[in-house]
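Enquirer: Sending over a structure as structure tokens; questions will come in a sec.
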Amino acid sequence: MKKKFILVILLTLFIVTGCDKKEKLSCKTSVTDTGSSNNLNITFNFVNDKISSVYEEGTITFDETYVKYINSYKESLDETYKNKGFDYSATISNNNINFKLVSDSKSNSKLLKILNIKEKTKEKVKKTMEERGYSCK
């Protein structure tokens, strides 16, 4: 009786906690524009083919002639991401802006709206990001 009870408990725990399908999609891009270059990495975490969290990090490097705009660009990033429910930070170092952003299930919808991602399954997010010039795996 005791063995059956333990087996039932273990089976129940496995069913409750072990059935979620967890996947990750990492997308990267490097873009050079007049006066700056951007290196961006976005990682989408999925549970049961739904986005559970997003991690974004990037470095924006300004040419010497455009470095005078670095503070304005950082302010624009801050306005877009700061105090919106994300874990966000951005710093200026030399001619670079380095930023990191993490959203969880509570703030994902806000970030996905900012990123203009409408379809939220892994395959559709991958297709959208690749259409924007990211390489995803």
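We label chains A, B, ... in the order they appear in the structure tokens, count residues from 1 in each chain, and number ligands from 1 in the order shown.
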Check which residues of segment 39-64 of chain A sit at most 9 Å from segment 68-75 of chain A using only C-alpha atoms, and return one row each with the closest pair of atoms and their distance in Å to one decimal, ordered by chain and rising number, as a Markdown table.
Expert:
```
| residue | atom | partner | partner_atom | distance |
| --- | --- | --- | --- | --- |
| A:Thr61 | CA | A:Ile70 | CA | 8.9 |
| A:Phe62 | CA | A:Ile70 | CA | 7.2 |
| A:Glu64 | CA | A:Lys68 | CA | 8.1 |
```
Enquirer: For the residues in the current selection, export N, CA, C and O atoms as a short mmCIF file (atom, residue, chain, number, x, y, z; two decimals), in the first residue's frame.
Expert:
```cif
data_model
loop_
_atom_site.label_atom_id
_atom_site.label_comp_id
_atom_site.auth_asym_id
_atom_site.auth_seq_id
_atom_site.Cartn_x
_atom_site.Cartn_y
_atom_site.Cartn_z
N THR A 61 27.19 51.33 -31.43
CA THR A 61 28.46 52.03 -31.50
C THR A 61 28.33 53.21 -32.45
O THR A 61 27.89 53.04 -33.59
N PHE A 62 28.72 54.39 -31.99
CA PHE A 62 28.62 55.60 -32.78
C PHE A 62 29.97 55.98 -33.37
O PHE A 62 31.00 55.89 -32.70
N GLU A 64 32.77 58.66 -34.68
CA GLU A 64 33.25 59.89 -34.03
C GLU A 64 32.41 61.11 -34.42
O GLU A 64 32.13 61.96 -33.58
#
```
Enquirer: So how many Å separate atom CA of Gly85 of chain A and atom CA of Thr59 of chain A, to one decimal?
Expert: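 Going from atom CA of Gly85 of chain A over to atom CA of Thr59 of chain A covers 21.6 Å.
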Enquirer: If we count only C-alpha atoms, what is near Ser105 of chain A at a cut-off of 12 Å, once residues fewer than 6 positions away on the same chain are taken out, given as a PyMOL selection string?
Expert: chain A and resi 44-47+50-55+85-86+111-112
Enquirer: Identify, with DSSP run on backbone atoms, the residues in segment 56-115 of chain A assigned to strand (DSSP E), and express the list as a ChimeraX atom specification.
Expert: /A:56-62,87-93,96-103
Enquirer: For Arg132 of chain A, please output as number ranges by chain all residues within 12 Å (counting only C-alpha atoms; exclusion window: fewer than 3 positions along the same chain).
Expert: A: 27-31, 115-117, 125-129, 135-136
Enquirer: Which of these residues is nearest to Thr121 of chain A, using only C-alpha atoms: A:Ser109, A:Asp49, A:Tyr88, A:Glu79?
Expert: A:Asp49
Enquirer: Apply DSSP to the backbone of this structure and, from chain A, keep only the residues in helix (DSSP H, G or I); write these as JSON, numbers by chain.
Expert: {"A": [2, 3, 4, 5, 6, 7, 8, 9, 10, 11, 12, 13, 14, 15, 16, 17, 64, 65, 66, 67, 68, 69, 70, 71, 72, 73, 74, 75, 76, 77, 78, 79, 80, 81, 108, 109, 110, 111, 112, 113, 114, 122, 123, 124, 125, 126, 127, 128, 129, 130, 131]}
Enquirer: What is the atom CA of Ser107 of chain A-atom CA of Lys84 of chain A distance in Å, reported with one decimal?
Expert: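 Atom-to-atom, atom CA of Ser107 of chain A to atom CA of Lys84 of chain A, that is 7.8 Å.
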Enquirer: Pick the closest to Asn94 of chain A from A:Asp78, A:Glu57, A:Glu130, A:Asp63: which is it, counting only C-alpha atoms?
Expert: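 Smallest distance to Asn94 of chain A is found for A:Asp63.
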